[in-house]
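Colleague: Have a look at this one before I ask anything.
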Protein chains: 2
Amino acid sequence: MQISELVERSGIPLARIKFYIREEMLPAGVSTGARRADYGESHLERLRLIHALTNIAGIPFAQAKQILHLIDHPDGSVSDLLGQAISALGGAQQRVHAQHPRADRALASIGGLFDQGHGEMAAMDQLEDALTAAADAGMPVTDRMLRTYAQHASAIAEADVAALPEKGQEAIPYAVLGTALYEPVLAALRRLAHQILVSTR
Amino acid sequence: MQISELVERSGIPLARIKFYIREEMLPAGVSTGARRADYGESHLERLRLIHALTNIAGIPFAQAKQILHLIDHPDGSVSDLLGQAISALGGAQQRVHAQHPRADRALASIGGLFDQGHGEMAAMDQLEDALTAAADAGMPVTDRMLRTYAQHASAIAEADVAALPEKGQEAIPYAVLGTALYEPVLAALRRLAHQILVSTR
């Protein structure tokens, strides 16, 4: 198809598509003449993925670019790739901590699966920030609560990971989008359960 | 104590404290002379709560004000109050939907506790948005996944609600801060579990 059809079918403006090509997030079309190029279904699919990452999941541009790069240039084992992709989700605002005293203590208290967590995982920065915020507000997370949260978080994560496609490269967009997009679903269900439980208290 | 000591002990600037008094978020001090007023420990506690709501939990100003109003003017049953406080959390960006077709369908599929969810609960707007985003990204949440998420979200919410203080008015700040502050803890633990599970896949 010509680029005008790609614009129409994707709903993404021409200037934006050209920008994605310049940024190497979308391959250029196959040249069919001096000023013409041909685009295929794979371009449309890729545009949908870019749109899902940046506009729907709200992943910052730099991180989305990094995730696309991982998909295009898979380097290392599948589990490495998935780990890097989930790390890239951390987001632009995410503070990186050299040490994770609260998160380390929390993992030691939780044990089990979480014994394998380590400082290089981006989620450790998130956990450190979240535990610090709760403590600063005068509502530190108790060990008992931590264990409850961890037990359910790992059961959910197991179901998430079991639902991933088998092939590593194909699993990357699923893993990234699933981590980002299903998080608000879980948060909404927890809030809804709070409201229902207190209304029947 | 004088207001200067309140500034020092709370770490909150004078202009900000005066602003909170004008906005009726903080009671004025007891007048002890033409230009002097006396502040007590309750003022300090209240400032800590305002700081926790707005700066740590990141609750928008208007919502924080509404939550403080609920604490000061409890009207209705305890469960009503808690419900209103959790609703106030929804946030300024939260879209309000007249209908919740996806969320209604989801609750019907989940059943159990969630049968009591209804359109007036703010979390229904969040759930509608979250389910729509996932579907728009081409990754709709399956019924099976929904049930898994709901089962664990309600178990977590039960632990949260069981940990609330018995007295309704005292429970409000806990309920609000717990809902807002422990959400990132749960999200971080889920992401960490993802990273650990894929690294051992």
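In the structure tokens, each chain is lettered A, B, ... as it comes, each chain's residues begin at 1, and ligands are numbered from 1 in order of appearance.
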Check every residue of chain A for an atom within 6 Å of chain B, counting only C-alpha atoms, and provide those that qualify as a short mmCIF file (atom, residue, chain, number, x, y, z; two decimals) with all heavy atoms, in the first residue's frame.
Modeller:
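Now in result-v4.cif:
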data_model
loop_
_atom_site.label_atom_id
_atom_site.label_comp_id
_atom_site.auth_asym_id
_atom_site.auth_seq_id
_atom_site.Cartn_x
_atom_site.Cartn_y
_atom_site.Cartn_z
N ALA A 52 -0.03 1.31 20.85
CA ALA A 52 -0.42 0.65 22.10
C ALA A 52 0.60 0.96 23.20
O ALA A 52 0.23 1.27 24.34
CB ALA A 52 -0.53 -0.87 21.90
N ILE A 56 -1.58 4.07 24.56
CA ILE A 56 -2.53 3.37 25.43
C ILE A 56 -1.88 2.98 26.75
O ILE A 56 -2.39 3.30 27.81
CB ILE A 56 -3.14 2.14 24.71
CG1 ILE A 56 -3.77 2.60 23.37
CG2 ILE A 56 -4.21 1.49 25.58
CD1 ILE A 56 -4.37 1.48 22.56
N SER A 79 14.87 -15.18 28.30
CA SER A 79 14.56 -14.65 29.64
C SER A 79 15.28 -13.33 29.88
O SER A 79 14.75 -12.42 30.50
CB SER A 79 14.89 -15.67 30.72
OG SER A 79 16.25 -15.98 30.70
N GLY A 83 13.37 -9.87 30.61
CA GLY A 83 13.78 -9.09 31.78
C GLY A 83 14.13 -7.67 31.40
O GLY A 83 13.71 -6.71 32.04
N ALA A 123 12.25 -3.28 39.07
CA ALA A 123 11.15 -3.26 40.03
C ALA A 123 11.65 -3.04 41.45
O ALA A 123 10.88 -2.63 42.32
CB ALA A 123 10.36 -4.56 39.93
N GLN A 126 11.33 0.58 42.16
CA GLN A 126 9.92 0.88 42.42
C GLN A 126 9.51 0.46 43.82
O GLN A 126 8.80 1.18 44.51
CB GLN A 126 9.04 0.06 41.46
CG GLN A 126 8.80 0.69 40.15
CD GLN A 126 7.82 -0.19 39.39
OE1 GLN A 126 8.23 -1.23 38.88
NE2 GLN A 126 6.57 0.21 39.32
N LEU A 127 9.95 -0.75 44.21
CA LEU A 127 9.57 -1.27 45.53
C LEU A 127 10.18 -0.39 46.62
O LEU A 127 9.50 -0.06 47.60
CB LEU A 127 10.03 -2.73 45.67
CG LEU A 127 9.61 -3.45 46.96
CD1 LEU A 127 8.09 -3.48 47.12
CD2 LEU A 127 10.16 -4.88 46.98
N ALA A 130 8.16 2.78 46.84
CA ALA A 130 6.82 2.56 47.39
C ALA A 130 6.87 2.33 48.90
O ALA A 130 6.05 2.87 49.65
CB ALA A 130 6.16 1.37 46.68
N ALA A 133 7.71 5.66 50.64
CA ALA A 133 6.57 6.58 50.68
C ALA A 133 5.61 6.18 51.80
O ALA A 133 5.14 7.03 52.57
CB ALA A 133 5.84 6.58 49.34
N ALA A 134 5.33 4.88 51.92
CA ALA A 134 4.41 4.42 52.98
C ALA A 134 4.99 4.73 54.36
O ALA A 134 4.27 5.22 55.25
CB ALA A 134 4.13 2.93 52.82
N ALA A 137 4.80 8.40 55.20
CA ALA A 137 3.44 8.86 55.52
C ALA A 137 2.99 8.35 56.89
O ALA A 137 1.86 8.58 57.28
CB ALA A 137 2.48 8.38 54.44
N HIS A 152 -0.06 -12.90 46.84
CA HIS A 152 -1.04 -12.70 45.78
C HIS A 152 -0.39 -12.13 44.52
O HIS A 152 -0.78 -12.49 43.40
CB HIS A 152 -2.19 -11.83 46.28
CG HIS A 152 -2.98 -12.51 47.35
ND1 HIS A 152 -3.80 -13.58 47.10
CD2 HIS A 152 -3.03 -12.31 48.69
CE1 HIS A 152 -4.34 -14.01 48.23
NE2 HIS A 152 -3.89 -13.25 49.22
N ALA A 153 0.61 -11.26 44.70
CA ALA A 153 1.31 -10.70 43.52
C ALA A 153 2.00 -11.82 42.75
O ALA A 153 1.99 -11.83 41.51
CB ALA A 153 2.33 -9.65 43.96
N SER A 154 2.57 -12.79 43.46
CA SER A 154 3.29 -13.85 42.74
C SER A 154 2.30 -14.80 42.07
O SER A 154 2.57 -15.29 40.96
CB SER A 154 4.30 -14.56 43.62
OG SER A 154 3.66 -15.34 44.58
N ALA A 157 1.32 -12.99 38.96
CA ALA A 157 2.42 -12.98 38.00
C ALA A 157 2.59 -14.35 37.34
O ALA A 157 2.90 -14.44 36.15
CB ALA A 157 3.72 -12.55 38.70
N LEU A 181 -0.52 -2.76 31.11
CA LEU A 181 -1.96 -2.53 30.93
C LEU A 181 -2.82 -3.23 31.96
O LEU A 181 -3.93 -2.78 32.24
CB LEU A 181 -2.39 -2.99 29.53
CG LEU A 181 -1.90 -2.13 28.38
CD1 LEU A 181 -2.17 -2.83 27.05
CD2 LEU A 181 -2.60 -0.77 28.41
N PRO A 184 -3.40 -1.39 35.97
CA PRO A 184 -4.58 -0.60 36.37
C PRO A 184 -5.83 -1.45 36.58
O PRO A 184 -6.70 -1.07 37.36
CB PRO A 184 -4.80 0.36 35.19
CG PRO A 184 -3.53 0.37 34.43
CD PRO A 184 -2.88 -0.96 34.66
N VAL A 185 -5.92 -2.60 35.89
CA VAL A 185 -7.07 -3.50 36.10
C VAL A 185 -7.02 -4.04 37.54
O VAL A 185 -8.02 -4.01 38.26
CB VAL A 185 -7.07 -4.67 35.09
CG1 VAL A 185 -8.18 -5.67 35.40
CG2 VAL A 185 -7.18 -4.15 33.65
N ALA A 188 -7.80 -1.26 40.03
CA ALA A 188 -9.23 -0.92 40.05
C ALA A 188 -10.02 -2.00 40.80
O ALA A 188 -10.92 -1.68 41.58
CB ALA A 188 -9.76 -0.76 38.63
N LEU A 189 -9.66 -3.26 40.59
CA LEU A 189 -10.37 -4.35 41.28
C LEU A 189 -10.12 -4.28 42.79
O LEU A 189 -11.03 -4.50 43.58
CB LEU A 189 -9.94 -5.71 40.73
CG LEU A 189 -10.46 -6.05 39.32
CD1 LEU A 189 -9.79 -7.31 38.79
CD2 LEU A 189 -11.99 -6.22 39.31
N ARG A 190 -8.90 -3.94 43.18
CA ARG A 190 -8.61 -3.81 44.62
C ARG A 190 -9.43 -2.66 45.23
O ARG A 190 -10.02 -2.80 46.28
CB ARG A 190 -7.11 -3.59 44.84
CG ARG A 190 -6.74 -3.30 46.29
CD ARG A 190 -5.23 -3.24 46.51
NE ARG A 190 -4.89 -2.71 47.83
CZ ARG A 190 -4.47 -1.47 48.06
NH1 ARG A 190 -4.32 -0.62 47.06
NH2 ARG A 190 -4.18 -1.07 49.29
N ARG A 191 -9.47 -1.53 44.52
CA ARG A 191 -10.25 -0.38 45.03
C ARG A 191 -11.73 -0.70 45.10
O ARG A 191 -12.43 -0.29 46.03
CB ARG A 191 -10.02 0.84 44.14
CG ARG A 191 -8.65 1.43 44.33
CD ARG A 191 -8.57 2.80 43.68
NE ARG A 191 -7.25 3.36 43.87
CZ ARG A 191 -6.96 4.64 43.66
NH1 ARG A 191 -7.89 5.47 43.25
NH2 ARG A 191 -5.74 5.10 43.86
N LEU A 192 -12.20 -1.41 44.09
CA LEU A 192 -13.61 -1.79 44.06
C LEU A 192 -13.91 -2.72 45.23
O LEU A 192 -14.93 -2.55 45.93
CB LEU A 192 -13.92 -2.47 42.72
CG LEU A 192 -15.38 -2.63 42.33
CD1 LEU A 192 -16.09 -1.29 42.29
CD2 LEU A 192 -15.48 -3.30 40.96
N ALA A 193 -13.03 -3.68 45.47
CA ALA A 193 -13.21 -4.60 46.60
C ALA A 193 -13.20 -3.82 47.92
O ALA A 193 -13.99 -4.10 48.82
CB ALA A 193 -12.13 -5.68 46.59
N HIS A 194 -12.32 -2.81 48.03
CA HIS A 194 -12.32 -1.96 49.23
C HIS A 194 -13.69 -1.32 49.44
O HIS A 194 -14.23 -1.32 50.53
CB HIS A 194 -11.30 -0.82 49.08
CG HIS A 194 -9.89 -1.22 49.34
ND1 HIS A 194 -8.83 -0.42 49.04
CD2 HIS A 194 -9.36 -2.35 49.87
CE1 HIS A 194 -7.71 -1.03 49.37
NE2 HIS A 194 -8.01 -2.20 49.87
N GLN A 195 -14.20 -0.74 48.35
CA GLN A 195 -15.48 -0.03 48.48
C GLN A 195 -16.60 -0.98 48.86
O GLN A 195 -17.45 -0.65 49.68
CB GLN A 195 -15.80 0.71 47.17
CG GLN A 195 -14.93 1.94 47.00
CD GLN A 195 -15.53 2.92 46.02
OE1 GLN A 195 -15.28 2.85 44.83
NE2 GLN A 195 -16.33 3.84 46.51
N VAL A 198 -16.05 -2.15 52.63
CA VAL A 198 -16.38 -1.17 53.68
C VAL A 198 -17.88 -0.86 53.67
O VAL A 198 -18.44 -0.53 54.71
CB VAL A 198 -15.55 0.14 53.61
CG1 VAL A 198 -14.08 -0.15 53.82
CG2 VAL A 198 -15.79 0.91 52.35
N SER A 199 -18.52 -0.99 52.53
CA SER A 199 -19.96 -0.67 52.48
C SER A 199 -20.78 -1.77 53.16
O SER A 199 -21.92 -1.55 53.52
CB SER A 199 -20.43 -0.48 51.04
OG SER A 199 -20.53 -1.72 50.40
#
Colleague: Could you pull out all residues of stretch 32-179 of chain B with a DSSP call of helix (DSSP H, G or I) and give them as a ChimeraX atom specification?
Modeller: /B:41-56,61-72,78-88,101-110,112-116,122-136,143-162,168-179
Colleague: Give me, please, the distance in Å between atom CA of B:Met25 and atom CA of B:Glu166, quoted to one decimal.
Modeller: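 Rounded to one decimal, the two atoms are 24.3 Å apart.
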Colleague: Quick one: residues within 12 Å of B:Ser4, only C-alpha atoms counted, chain neighbours fewer than 5 positions away excluded, as a count of residues only?
Modeller: 13
Colleague: Using only C-alpha atoms for the distances, tell me which of B:Leu70, B:Ile3, B:Leu44, B:Ile110 is nearest to B:Val30.
Modeller: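 Looking only at the distances to B:Val30, the closest residue turns out to be B:Ile3.
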Colleague: So which residues touch B:Glu23 within 12 Å, counting only C-alpha atoms, skipping near sequence neighbours fewer than 2 positions away, as an NGL selection string?
Modeller: :B and (16-21 or 25-28 or 61-62 or 64-66 or 68-69)
Colleague: Check the DSSP output for the backbone and give back, as a PyMOL selection string, the residues of chain B in strand (DSSP E or B).
Modeller: chain B and resi 30-33+36-38
